[in-house]
$ cat upload_6.json   # JSON, C-alpha atoms
[["chain", "number", "residue", "atom", "x", "y", "z"],
["A", 202, "MET", "CA", 20.06, -9.38, 5.37],
["A", 203, "ILE", "CA", 16.50, -8.11, 4.95],
["A", 204, "LEU", "CA", 14.09, -9.78, 2.52],
["A", 205, "VAL", "CA", 11.57, -7.55, 0.77],
["A", 206, "THR", "CA", 8.91, -9.48, -1.14],
["A", 207, "GLY", "CA", 7.33, -7.40, -3.89],
["A", 208, "GLY", "CA", 10.52, -5.37, -3.72],
["A", 209, "ALA", "CA", 10.32, -4.26, -7.35],
["A", 210, "GLY", "CA", 6.76, -3.02, -6.92],
["A", 211, "PHE", "CA", 5.48, 0.36, -5.82],
["A", 212, "ILE", "CA", 5.75, 0.31, -2.03],
["A", 213, "GLY", "CA", 8.41, -2.40, -2.01],
["A", 214, "SER", "CA", 10.84, -0.48, -4.22],
["A", 215, "ASN", "CA", 10.44, 2.62, -2.06],
["A", 216, "ILE", "CA", 11.31, 0.49, 0.97],
["A", 217, "VAL", "CA", 14.41, -0.79, -0.83],
["A", 218, "ALA", "CA", 15.34, 2.80, -1.70],
["A", 219, "SER", "CA", 14.96, 3.88, 1.92],
["A", 220, "LEU", "CA", 17.12, 1.01, 3.15],
["A", 221, "ASN", "CA", 19.79, 1.88, 0.57],
["A", 222, "GLU", "CA", 19.66, 5.52, 1.59],
["A", 223, "ALA", "CA", 20.26, 4.40, 5.17],
["A", 224, "GLY", "CA", 23.40, 2.57, 4.02],
["A", 225, "ARG", "CA", 21.88, -0.91, 3.74],
["A", 226, "THR", "CA", 22.94, -2.89, 0.68],
["A", 227, "ASP", "CA", 22.22, -6.32, 2.19],
["A", 228, "VAL", "CA", 18.67, -6.21, 0.83],
["A", 229, "VAL", "CA", 17.22, -9.16, -1.05],
["A", 230, "VAL", "CA", 14.29, -8.62, -3.41],
["A", 231, "ASN", "CA", 11.71, -11.30, -4.19],
["A", 232, "ASP", "CA", 9.45, -10.39, -7.10],
["A", 233, "VAL", "CA", 8.37, -10.94, -10.68],
["A", 234, "LEU", "CA", 9.64, -8.22, -13.03],
["A", 235, "GLY", "CA", 7.30, -8.98, -15.93],
["A", 236, "SER", "CA", 7.18, -6.69, -18.94],
["A", 237, "GLU", "CA", 5.60, -3.55, -17.43],
["A", 238, "GLY", "CA", 8.93, -1.86, -16.73],
["A", 239, "LYS", "CA", 9.06, -2.73, -13.02],
["A", 240, "TRP", "CA", 12.83, -3.14, -13.29],
["A", 241, "ARG", "CA", 13.08, 0.64, -13.54],
["A", 242, "ASN", "CA", 11.86, 0.87, -9.94],
["A", 243, "LEU", "CA", 15.15, -0.74, -8.89],
["A", 244, "ALA", "CA", 17.44, 0.77, -11.53],
["A", 245, "LYS", "CA", 19.06, 3.15, -9.04],
["A", 246, "ARG", "CA", 19.30, 0.60, -6.25],
["A", 247, "GLN", "CA", 21.87, -1.84, -4.92],
["A", 248, "ILE", "CA", 20.62, -5.23, -3.76],
["A", 249, "ALA", "CA", 22.34, -8.35, -2.50],
["A", 250, "ASP", "CA", 20.18, -10.78, -4.46],
["A", 251, "PHE", "CA", 17.05, -11.06, -6.59],
["A", 252, "VAL", "CA", 14.95, -14.16, -5.98],
["A", 253, "PRO", "CA", 12.04, -15.13, -8.27],
["A", 254, "PRO", "CA", 8.97, -16.60, -6.51],
["A", 255, "GLU", "CA", 9.59, -20.16, -7.68],
["A", 256, "ASP", "CA", 13.03, -20.13, -6.01],
["A", 257, "LEU", "CA", 12.04, -18.48, -2.73],
["A", 258, "ALA", "CA", 11.46, -21.61, -0.63],
["A", 259, "ARG", "CA", 14.79, -23.09, -1.68],
["A", 260, "TRP", "CA", 16.58, -19.76, -1.13],
["A", 261, "LEU", "CA", 15.21, -19.49, 2.42],
["A", 262, "GLU", "CA", 16.54, -22.89, 3.47],
["A", 263, "GLY", "CA", 19.16, -22.46, 6.20],
["A", 264, "ARG", "CA", 19.02, -18.64, 6.02],
["A", 265, "LYS", "CA", 19.16, -16.19, 8.88],
["A", 266, "LEU", "CA", 17.47, -12.86, 8.16],
["A", 267, "GLU", "CA", 17.10, -9.67, 10.12],
["A", 268, "ALA", "CA", 13.51, -9.26, 8.94],
["A", 269, "VAL", "CA", 11.01, -10.25, 6.27],
["A", 270, "ILE", "CA", 9.05, -7.32, 4.82],
["A", 271, "HIS", "CA", 6.23, -8.96, 2.91],
["A", 272, "MET", "CA", 4.78, -6.51, 0.38],
["A", 273, "GLY", "CA", 4.33, -8.98, -2.48],
["A", 274, "ALA", "CA", 0.75, -9.59, -3.63],
["A", 275, "ILE", "CA", -1.64, -9.41, -6.51],
["A", 276, "SER", "CA", -2.98, -6.01, -5.55],
["A", 277, "SER", "CA", -5.50, -5.32, -8.29],
["A", 278, "THR", "CA", -8.98, -4.81, -6.88],
["A", 279, "THR", "CA", -10.38, -6.06, -10.20],
["A", 280, "ALA", "CA", -8.50, -9.39, -10.16],
["A", 281, "THR", "CA", -10.78, -12.35, -10.92],
["A", 282, "ASP", "CA", -8.51, -15.43, -10.88],
["A", 283, "GLY", "CA", -9.31, -16.73, -7.41],
["A", 284, "ASP", "CA", -6.73, -19.52, -7.43],
["A", 285, "GLU", "CA", -3.92, -17.20, -8.49],
["A", 286, "VAL", "CA", -4.87, -14.57, -5.91],
["A", 287, "MET", "CA", -5.14, -17.13, -3.12],
["A", 288, "GLU", "CA", -1.74, -18.63, -3.96],
["A", 289, "ASN", "CA", 0.00, -15.25, -4.04],
["A", 290, "ASN", "CA", -1.85, -13.39, -1.30],
["A", 291, "PHE", "CA", -2.83, -16.11, 1.17],
["A", 292, "HIS", "CA", -0.80, -19.30, 0.80],
["A", 293, "LEU", "CA", 2.54, -17.54, 0.25],
["A", 294, "SER", "CA", 1.85, -15.31, 3.25],
["A", 295, "LEU", "CA", 1.17, -18.38, 5.40],
["A", 296, "ARG", "CA", 4.40, -20.03, 4.27],
["A", 297, "LEU", "CA", 6.41, -16.91, 5.10],
["A", 298, "LEU", "CA", 4.68, -16.60, 8.47],
["A", 299, "ASP", "CA", 5.56, -20.23, 9.23],
["A", 300, "TRP", "CA", 9.19, -19.67, 8.19],
["A", 301, "CYS", "CA", 9.50, -16.54, 10.33],
["A", 302, "THR", "CA", 7.92, -18.37, 13.26],
["A", 303, "GLN", "CA", 10.33, -21.30, 12.96],
["A", 304, "THR", "CA", 13.40, -19.07, 12.59],
["A", 305, "GLY", "CA", 12.39, -16.29, 15.02],
["A", 306, "THR", "CA", 12.49, -13.67, 12.27],
["A", 307, "PRO", "CA", 10.49, -10.41, 12.52],
["A", 308, "PHE", "CA", 7.62, -10.38, 10.02],
["A", 309, "VAL", "CA", 5.98, -7.20, 8.69],
["A", 310, "TYR", "CA", 3.32, -7.56, 6.02],
["A", 311, "ALA", "CA", 0.93, -5.53, 3.91],
["A", 312, "SER", "CA", -2.73, -5.92, 4.72],
["A", 313, "SER", "CA", -5.13, -3.43, 3.13],
["A", 314, "ALA", "CA", -7.96, -1.00, 3.77],
["A", 315, "ALA", "CA", -9.82, -3.12, 1.19],
["A", 316, "THR", "CA", -10.46, -5.61, 4.01],
["A", 317, "TYR", "CA", -13.04, -3.19, 5.46],
["A", 318, "GLY", "CA", -15.43, -3.54, 2.56],
["A", 319, "ASP", "CA", -18.24, -1.08, 1.80],
["A", 320, "ARG", "CA", -18.57, 1.44, 4.59],
["A", 321, "ASP", "CA", -18.54, 5.21, 4.88],
["A", 322, "THR", "CA", -17.40, 5.40, 8.50],
["A", 323, "ASN", "CA", -15.81, 3.31, 11.22],
["A", 324, "PHE", "CA", -12.48, 2.40, 9.64],
["A", 325, "ILE", "CA", -11.21, 1.31, 13.05],
["A", 326, "ASP", "CA", -8.36, -1.21, 13.16],
["A", 327, "ASP", "CA", -9.84, -3.41, 15.87],
["A", 328, "TRP", "CA", -7.96, -6.62, 15.15],
["A", 329, "SER", "CA", -9.76, -8.76, 17.67],
["A", 330, "LEU", "CA", -11.02, -11.97, 16.13],
["A", 331, "ASP", "CA", -14.65, -10.98, 16.72],
["A", 332, "ALA", "CA", -14.16, -7.62, 14.98],
["A", 333, "LEU", "CA", -12.33, -9.14, 12.03],
["A", 334, "LYS", "CA", -15.07, -11.72, 11.50],
["A", 335, "LYS", "CA", -17.57, -8.90, 10.96],
["A", 336, "LEU", "CA", -15.69, -7.40, 8.01],
["A", 337, "ARG", "CA", -17.08, -8.04, 4.53],
["A", 338, "PRO", "CA", -14.51, -7.19, 1.80],
["A", 339, "MET", "CA", -16.04, -6.27, -1.57],
["A", 340, "ASN", "CA", -13.44, -7.78, -3.88],
["A", 341, "LEU", "CA", -11.20, -10.82, -4.22],
["A", 342, "TYR", "CA", -8.06, -8.88, -3.32],
["A", 343, "GLY", "CA", -9.55, -7.53, -0.09],
["A", 344, "TRP", "CA", -10.93, -10.95, 0.83],
["A", 345, "SER", "CA", -7.56, -12.67, 0.35],
["A", 346, "LYS", "CA", -5.87, -10.11, 2.61],
["A", 347, "HIS", "CA", -8.67, -10.46, 5.15],
["A", 348, "LEU", "CA", -8.28, -14.24, 5.25],
["A", 349, "PHE", "CA", -4.62, -13.92, 6.16],
["A", 350, "ASP", "CA", -5.37, -11.38, 8.90],
["A", 351, "LEU", "CA", -7.90, -13.86, 10.31],
["A", 352, "ALA", "CA", -5.48, -16.79, 10.14],
["A", 353, "LEU", "CA", -2.72, -14.88, 11.93],
["A", 354, "VAL", "CA", -4.97, -13.50, 14.67],
["A", 355, "ASP", "CA", -6.54, -16.92, 15.17],
["A", 356, "ARG", "CA", -3.06, -18.28, 15.97],
["A", 357, "TYR", "CA", -2.48, -15.36, 18.34],
["A", 358, "VAL", "CA", -5.77, -15.95, 20.17],
["A", 359, "LYS", "CA", -4.97, -19.66, 20.51],
["A", 360, "LYS", "CA", -1.54, -18.73, 21.89],
["A", 361, "GLN", "CA", 0.22, -20.59, 19.13],
["A", 362, "LYS", "CA", 3.83, -19.71, 18.41],
["A", 363, "LEU", "CA", 4.37, -16.65, 16.22],
["A", 364, "PRO", "CA", 7.41, -14.59, 15.17],
["A", 365, "PRO", "CA", 8.88, -12.35, 17.89],
["A", 366, "VAL", "CA", 7.71, -9.36, 15.86],
["A", 367, "TRP", "CA", 4.62, -9.52, 13.67],
["A", 368, "VAL", "CA", 2.97, -6.38, 12.33],
["A", 369, "GLY", "CA", 0.23, -6.09, 9.71],
["A", 370, "LEU", "CA", -0.29, -2.74, 7.98],
["A", 371, "LYS", "CA", -3.63, -1.76, 6.44],
["A", 372, "PHE", "CA", -2.60, 0.71, 3.78],
["A", 373, "PHE", "CA", -5.14, 3.29, 2.63],
["A", 374, "ASN", "CA", -4.76, 5.22, -0.68],
["A", 375, "VAL", "CA", -1.01, 5.28, -1.18],
["A", 376, "TYR", "CA", 0.52, 7.43, -3.94],
["A", 377, "GLY", "CA", 4.01, 8.47, -4.96],
["A", 378, "PRO", "CA", 7.00, 7.65, -7.19],
["A", 379, "ASN", "CA", 7.42, 4.20, -8.75],
["A", 380, "GLU", "CA", 3.71, 3.47, -9.11],
["A", 381, "TYR", "CA", 3.75, 3.92, -12.89],
["A", 382, "HIS", "CA", 3.65, 0.22, -13.77],
["A", 383, "LYS", "CA", 0.36, -0.22, -11.92],
["A", 384, "GLY", "CA", -1.79, 1.00, -14.80],
["A", 385, "ALA", "CA", -5.43, 1.34, -13.74],
["A", 386, "MET", "CA", -4.43, 0.71, -10.11],
["A", 387, "ALA", "CA", -2.08, 3.73, -10.02],
["A", 388, "SER", "CA", -3.21, 6.89, -8.24],
["A", 389, "VAL", "CA", -5.40, 9.38, -10.08],
["A", 390, "LEU", "CA", -2.60, 11.92, -9.77],
["A", 391, "SER", "CA", -0.13, 9.68, -11.57],
["A", 392, "LYS", "CA", -2.61, 8.81, -14.32],
["A", 393, "VAL", "CA", -3.68, 12.36, -15.17],
["A", 394, "PHE", "CA", -0.44, 14.30, -14.82],
["A", 395, "ASP", "CA", 0.93, 13.95, -18.35],
["A", 396, "GLY", "CA", -2.40, 14.93, -19.90],
["A", 397, "ALA", "CA", -2.75, 17.90, -17.57],
["A", 398, "LYS", "CA", 0.76, 19.04, -18.42],
["A", 399, "ALA", "CA", -0.16, 18.86, -22.11],
["A", 400, "GLY", "CA", -3.14, 21.16, -21.46],
["A", 401, "GLU", "CA", -5.91, 18.56, -21.33],
["A", 402, "PRO", "CA", -8.63, 18.92, -18.68],
["A", 403, "VAL", "CA", -8.54, 16.42, -15.84],
["A", 404, "LYS", "CA", -11.68, 14.30, -15.77],
["A", 405, "LEU", "CA", -13.17, 13.54, -12.37],
["A", 406, "PHE", "CA", -16.39, 11.73, -11.56],
["A", 407, "LYS", "CA", -19.59, 13.59, -10.96],
["A", 408, "SER", "CA", -21.33, 12.80, -7.71],
["A", 409, "HIS", "CA", -24.40, 10.60, -7.78],
["A", 410, "ARG", "CA", -25.27, 11.12, -4.12],
["A", 411, "ASP", "CA", -27.27, 13.95, -2.64],
["A", 412, "GLY", "CA", -25.23, 16.37, -0.57],
["A", 413, "ILE", "CA", -21.89, 15.44, -2.14],
["A", 414, "ALA", "CA", -20.45, 17.77, -4.77],
["A", 415, "ASP", "CA", -18.85, 16.62, -8.01],
["A", 416, "GLY", "CA", -15.27, 15.57, -7.36],
["A", 417, "ASP", "CA", -15.83, 15.61, -3.62],
["A", 418, "GLN", "CA", -15.58, 11.84, -3.20],
["A", 419, "ARG", "CA", -12.99, 11.50, -0.46],
["A", 420, "ARG", "CA", -10.08, 9.20, 0.31],
["A", 421, "ASP", "CA", -7.39, 8.99, 2.95],
["A", 422, "PHE", "CA", -4.49, 9.75, 0.61],
["A", 423, "VAL", "CA", -1.13, 8.81, 2.16],
["A", 424, "PHE", "CA", 2.23, 9.61, 0.58],
["A", 425, "VAL", "CA", 4.47, 6.60, 0.06],
["A", 426, "ASP", "CA", 7.35, 8.14, 2.03],
["A", 427, "ASP", "CA", 5.11, 8.09, 5.11],
["A", 428, "VAL", "CA", 4.21, 4.45, 4.47],
["A", 429, "VAL", "CA", 7.90, 3.58, 4.27],
["A", 430, "SER", "CA", 8.47, 5.38, 7.55],
["A", 431, "VAL", "CA", 5.84, 3.20, 9.21],
["A", 432, "VAL", "CA", 7.39, 0.03, 7.76],
["A", 433, "ARG", "CA", 10.84, 1.03, 9.01],
["A", 434, "TRP", "CA", 9.37, 1.64, 12.47],
["A", 435, "ALA", "CA", 7.66, -1.75, 12.39],
["A", 436, "ILE", "CA", 10.96, -3.60, 11.87],
["A", 437, "SER", "CA", 12.90, -1.40, 14.30],
["A", 438, "GLY", "CA", 11.97, -3.46, 17.36],
["A", 439, "SER", "CA", 10.03, -0.64, 19.01],
["A", 440, "ALA", "CA", 6.63, -1.53, 17.53],
["A", 441, "GLN", "CA", 3.96, -3.46, 19.38],
["A", 442, "ASN", "CA", 2.69, -6.54, 17.58],
["A", 443, "GLY", "CA", -0.70, -6.07, 15.92],
["A", 444, "ILE", "CA", -2.53, -4.96, 12.78],
["A", 445, "TYR", "CA", -2.69, -1.21, 12.18],
["A", 446, "ASN", "CA", -4.24, 1.29, 9.82],
["A", 447, "VAL", "CA", -1.72, 3.33, 7.84],
["A", 448, "GLY", "CA", -3.34, 6.56, 6.75],
["A", 449, "THR", "CA", -3.27, 10.24, 7.60],
["A", 450, "GLY", "CA", -6.57, 10.17, 9.48],
["A", 451, "GLN", "CA", -7.81, 12.96, 7.21],
["A", 452, "ALA", "CA", -10.05, 12.22, 4.20],
["A", 453, "GLU", "CA", -9.60, 14.67, 1.32],
["A", 454, "SER", "CA", -11.32, 14.90, -2.02],
["A", 455, "PHE", "CA", -10.08, 13.96, -5.45],
["A", 456, "ARG", "CA", -10.65, 17.59, -6.34],
["A", 457, "ASP", "CA", -8.34, 18.64, -3.48],
["A", 458, "MET", "CA", -5.61, 16.42, -4.87],
["A", 459, "ILE", "CA", -5.97, 17.67, -8.45],
["A", 460, "VAL", "CA", -6.13, 21.34, -7.39],
["A", 461, "ALA", "CA", -2.90, 20.75, -5.44],
["A", 462, "MET", "CA", -1.36, 19.24, -8.57],
["A", 463, "PHE", "CA", -2.23, 22.30, -10.67],
["A", 464, "LYS", "CA", -0.87, 24.57, -7.94],
["A", 465, "ALA", "CA", 2.42, 22.68, -7.97],
["A", 466, "MET", "CA", 2.50, 23.14, -11.76],
["A", 467, "GLY", "CA", 1.80, 26.87, -11.41],
["A", 468, "ARG", "CA", -1.47, 26.60, -13.33],
["A", 469, "ALA", "CA", -5.14, 27.29, -12.72],
["A", 470, "PRO", "CA", -7.25, 24.15, -12.19],
["A", 471, "ASN", "CA", -8.69, 22.68, -15.39],
["A", 472, "ILE", "CA", -11.22, 20.02, -14.39],
["A", 473, "ASP", "CA", -14.16, 18.44, -16.20],
["A", 474, "TYR", "CA", -16.72, 16.31, -14.38],
["A", 475, "VAL", "CA", -18.00, 13.21, -16.14],
["A", 476, "ASP", "CA", -20.72, 10.71, -15.29],
["A", 477, "MET", "CA", -19.57, 7.74, -13.26],
["A", 478, "PRO", "CA", -20.10, 4.51, -15.21],
["A", 479, "VAL", "CA", -23.37, 2.86, -14.26],
["A", 480, "SER", "CA", -21.54, -0.43, -13.76],
["A", 481, "ILE", "CA", -19.66, 0.87, -10.70],
["A", 482, "ARG", "CA", -22.09, 3.40, -9.20],
["A", 483, "ASP", "CA", -23.61, 1.00, -6.69],
["A", 484, "GLN", "CA", -20.20, -0.22, -5.49],
["A", 485, "TYR", "CA", -18.29, 3.05, -5.47],
["A", 486, "GLN", "CA", -16.98, 4.23, -2.10],
["A", 487, "TYR", "CA", -17.46, 7.92, -1.45],
["A", 488, "PHE", "CA", -15.37, 8.08, 1.73],
["A", 489, "THR", "CA", -12.40, 6.37, 3.38],
["A", 490, "GLN", "CA", -10.54, 7.66, 6.39],
["A", 491, "ALA", "CA", -8.13, 5.75, 8.60],
["A", 492, "ASP", "CA", -8.53, 5.80, 12.35],
["A", 493, "ALA", "CA", -4.82, 5.94, 13.23],
["A", 494, "GLY", "CA", -5.26, 5.94, 16.99],
["A", 495, "ASN", "CA", -3.97, 2.40, 17.47],
["A", 496, "LEU", "CA", -0.85, 3.15, 15.44],
["A", 497, "ARG", "CA", -0.10, 6.08, 17.74],
["A", 498, "ARG", "CA", -0.78, 4.06, 20.86],
["A", 499, "ALA", "CA", 1.55, 1.35, 19.55],
["A", 500, "GLY", "CA", 4.38, 3.88, 19.58],
["A", 501, "TYR", "CA", 4.49, 5.42, 16.12],
["A", 502, "ASN", "CA", 4.92, 9.16, 16.65],
["A", 503, "ALA", "CA", 6.07, 10.54, 13.28],
["A", 504, "GLY", "CA", 3.69, 12.78, 11.35],
["A", 505, "PHE", "CA", 2.07, 12.34, 7.94],
["A", 506, "THR", "CA", 2.83, 14.74, 5.11],
["A", 507, "PRO", "CA", -0.09, 17.10, 4.36],
["A", 508, "LEU", "CA", -1.70, 16.50, 0.97],
["A", 509, "GLU", "CA", -0.68, 19.77, -0.68],
["A", 510, "LYS", "CA", 2.94, 19.43, 0.43],
["A", 511, "ALA", "CA", 3.16, 15.76, -0.61],
["A", 512, "VAL", "CA", 1.57, 16.42, -4.01],
["A", 513, "ALA", "CA", 4.00, 19.28, -4.65],
["A", 514, "GLN", "CA", 6.91, 17.02, -3.72],
["A", 515, "TYR", "CA", 5.64, 14.26, -6.03],
["A", 516, "VAL", "CA", 4.97, 16.62, -8.94],
["A", 517, "THR", "CA", 8.15, 18.70, -8.82],
["A", 518, "GLY", "CA", 10.47, 15.91, -7.70],
["A", 519, "TYR", "CA", 9.23, 13.09, -9.92],
["A", 520, "LEU", "CA", 6.21, 13.47, -12.23],
["A", 521, "ASP", "CA", 7.52, 16.64, -13.88],
["A", 522, "LYS", "CA", 11.04, 15.24, -14.37],
["A", 523, "GLN", "CA", 12.39, 13.31, -17.33],
["A", 524, "ASP", "CA", 13.41, 10.61, -14.86],
["A", 525, "LYS", "CA", 10.33, 9.94, -12.71],
["A", 526, "TYR", "CA", 11.82, 7.13, -10.65],
["A", 527, "ARG", "CA", 13.06, 7.21, -7.11]]

$ encode --input "upload_6.json" --output "structure tokens"
Amino acid sequence: MILVTGGAGFIGSNIVASLNEAGRTDVVVNDVLGSEGKWRNLAKRQIADFVPPEDLARWLEGRKLEAVIHMGAISSTTATDGDEVMENNFHLSLRLLDWCTQTGTPFVYASSAATYGDRDTNFIDDWSLDALKKLRPMNLYGWSKHLFDLALVDRYVKKQKLPPVWVGLKFFNVYGPNEYHKGAMASVLSKVFDGAKAGEPVKLFKSHRDGIADGDQRRDFVFVDDVVSVVRWAISGSAQNGIYNVGTGQAESFRDMIVAMFKAMGRAPNIDYVDMPVSIRDQYQYFTQADAGNLRRAGYNAGFTPLEKAVAQYVTGYLDKQDKYR
């Protein structure tokens, strides 16, 4: 069996879907369904068990698993409850790491590009302890993920026992089907599609920096299918242990993404530019781009879907369908 924590969430449910599509039905999901419709992310799936967080420790007792894929977390960058975030993102991760170490179970977990903090360049996944200690995450979510990266690497440096396979994945701006429950944390594409289809203009932020055009704030947008491919590689036994960026290595603008959306819809772009709220101007990142060199050197050789192609696939295959779920 394979355990997927956060398996009803965005990335987790796409991992479950991929495992099902590969013929695996021995997948166990650990998650909280809540009332945001997350259950729909699993409505087409077959799983062996569903384990709520409060039962996970008891469920793991005496188990043998093929792998633990740890995607579960409070992922909102605006979260403010420090105790809740630390319990879900740090302490639970440590308990799972300990369990995988004791049982010799491969452990793949979600880190985040949010661990890098406020920078416009140098998103290099140097996971040496000295390099990690220099990172300054800007929000509680990023800090909690950073703390776990530090704790794991500290054990590695001290030559303490670890799982036979341990891989951390620093996801950049992931988008794709099953993100709809995320609300404000969903991709811009997901949030604006219905309005754009109804004929409303898409609102993007004006630029408040010299030399950067309105809507030209850039992100490393990575399609969720590509993220799933990296996760599947990480548990395959061919990956080298370490912490890796997961991004295309190519920053593209919000305008690029929205223009691609309109193209997929067969319409001319309809975009309005609005002032960025003063409250976030000083903290807003204008550029993220993954350095994916370490991922390649670790043995991952599959490509990443170009933005225009991925957006078209998302729009025509999901967003513009009555049933938007994978």

$ residues_around --input "upload_6.json" --residues "range 303-318 of chain A" --least-positions-apart "6" --cutoff "6 Å" --atoms "only C-alpha atoms" --output "list in words"
Ala268, Val269, Ile270, His271, Met272, Leu336, Arg337, Pro338, Met339, Gly343, Lys346, His347, Pro364, Pro365, Val366, Trp367, Val368, Gly369, Leu370, Lys371, Phe372 and Phe373 of chain A

$ closest_residue --input "upload_6.json" --among "A:Lys334, A:Lys362, A:Arg527, A:His409" --to "Asp426 in chain A" --atoms "all atoms listed in the file"
A:Arg527

$ axis_aligned_box --input "upload_6.json" --around "range 363-370 of chain A" --padding-each-side "5 Å" --output "AutoDock Vina command-line options"
--center_x 4.3 --center_y -9.7 --center_z 12.9 --size_x 19.2 --size_y 23.9 --size_z 19.9

$ residues_around --input "upload_6.json" --residues "range 238-249 of chain A" --least-positions-apart "6" --cutoff "9 Å" --atoms "only C-alpha atoms" --output "ChimeraX atom specification"
/A:202,208-211,214-215,217-218,221,225-230,378-382,526-527

$ residues_around --input "upload_6.json" --residues "Leu508 in chain A" --least-positions-apart "6" --cutoff "9 Å" --atoms "only C-alpha atoms" --output "PDB file with C-alpha atoms, in the coordinates of the input"
ATOM      1  CA  PHE A 422      -4.490   9.750   0.610  1.00  0.00           C
ATOM      2  CA  VAL A 423      -1.130   8.810   2.160  1.00  0.00           C
ATOM      3  CA  PHE A 424       2.230   9.610   0.580  1.00  0.00           C
ATOM      4  CA  GLU A 453      -9.600  14.670   1.320  1.00  0.00           C
ATOM      5  CA  ASP A 457      -8.340  18.640  -3.480  1.00  0.00           C
ATOM      6  CA  MET A 458      -5.610  16.420  -4.870  1.00  0.00           C
ATOM      7  CA  ALA A 461      -2.900  20.750  -5.440  1.00  0.00           C
TER       8      ALA A 461
END

$ atom_distance --input "upload_6.json" --atom1 "CA of Phe488 in chain A" --atom2 "CA of Val475 in chain A"
18.8 Å

$ atom_distance --input "upload_6.json" --atom1 "CA of Gly438 in chain A" --atom2 "CA of Phe251 in chain A"
25.6 Å

$ atom_distance --input "upload_6.json" --atom1 "CA of Lys335 in chain A" --atom2 "CA of Gly443 in chain A"
17.8 Å

$ residues_around --input "upload_6.json" --residues "Leu261 in chain A" --least-positions-apart "4" --cutoff "10 Å" --atoms "all atoms listed in the file" --output "list in words"
Leu204, Val252, Asp256, Leu257, Lys265, Leu266, Leu297 and Trp300 of chain A

$ closest_residue --input "upload_6.json" --among "A:Pro507, A:Pro402, A:Gly207, A:Gly494" --to "Ser276 in chain A" --atoms "all atoms listed in the file"
A:Gly207

$ closest_residue --input "upload_6.json" --among "A:Asp524, A:Asp282, A:Asp331, A:Asp421" --to "Gln486 in chain A" --atoms "only C-alpha atoms"
A:Asp421

$ residues_near_point --input "upload_6.json" --point "(9.0, 3.3, 4.3)" --cutoff "9 Å" --atoms "only C-alpha atoms" --output "list in words"
Ile212, Gly213, Asn215, Ile216, Val217, Ala218, Ser219, Leu220, Val425, Asp426, Asp427, Val428, Val429, Ser430, Val431, Val432, Arg433 and Trp434 of chain A

$ write_last_selection --input "upload_6.json" --atoms "C-alpha atoms" --output "short mmCIF file (atom, residue, chain, number, x, y, z; two decimals), in the frame of the given file"
data_model
loop_
_atom_site.label_atom_id
_atom_site.label_comp_id
_atom_site.auth_asym_id
_atom_site.auth_seq_id
_atom_site.Cartn_x
_atom_site.Cartn_y
_atom_site.Cartn_z
CA ILE A 212 5.75 0.31 -2.03
CA GLY A 213 8.41 -2.40 -2.01
CA ASN A 215 10.44 2.62 -2.06
CA ILE A 216 11.31 0.49 0.97
CA VAL A 217 14.41 -0.79 -0.83
CA ALA A 218 15.34 2.80 -1.70
CA SER A 219 14.96 3.88 1.92
CA LEU A 220 17.12 1.01 3.15
CA VAL A 425 4.47 6.60 0.06
CA ASP A 426 7.35 8.14 2.03
CA ASP A 427 5.11 8.09 5.11
CA VAL A 428 4.21 4.45 4.47
CA VAL A 429 7.90 3.58 4.27
CA SER A 430 8.47 5.38 7.55
CA VAL A 431 5.84 3.20 9.21
CA VAL A 432 7.39 0.03 7.76
CA ARG A 433 10.84 1.03 9.01
CA TRP A 434 9.37 1.64 12.47
#

$ residues_near_point --input "upload_6.json" --point "(7.9, 26.3, -5.8)" --cutoff "10 Å" --atoms "all atoms listed in the file" --output "number ranges by chain"
A: 464-467, 513-514, 517

$ closest_residue --input "upload_6.json" --among "A:Asp415, A:Asp521, A:Asp350, A:Asp473" --to "Ser391 in chain A" --atoms "all atoms listed in the file"
A:Asp521

$ residues_around --input "upload_6.json" --residues "Phe394 in chain A" --least-positions-apart "4" --cutoff "9 Å" --atoms "all atoms listed in the file" --output "ChimeraX atom specification"
/A:389-390,398-399,403,462,516,520-521
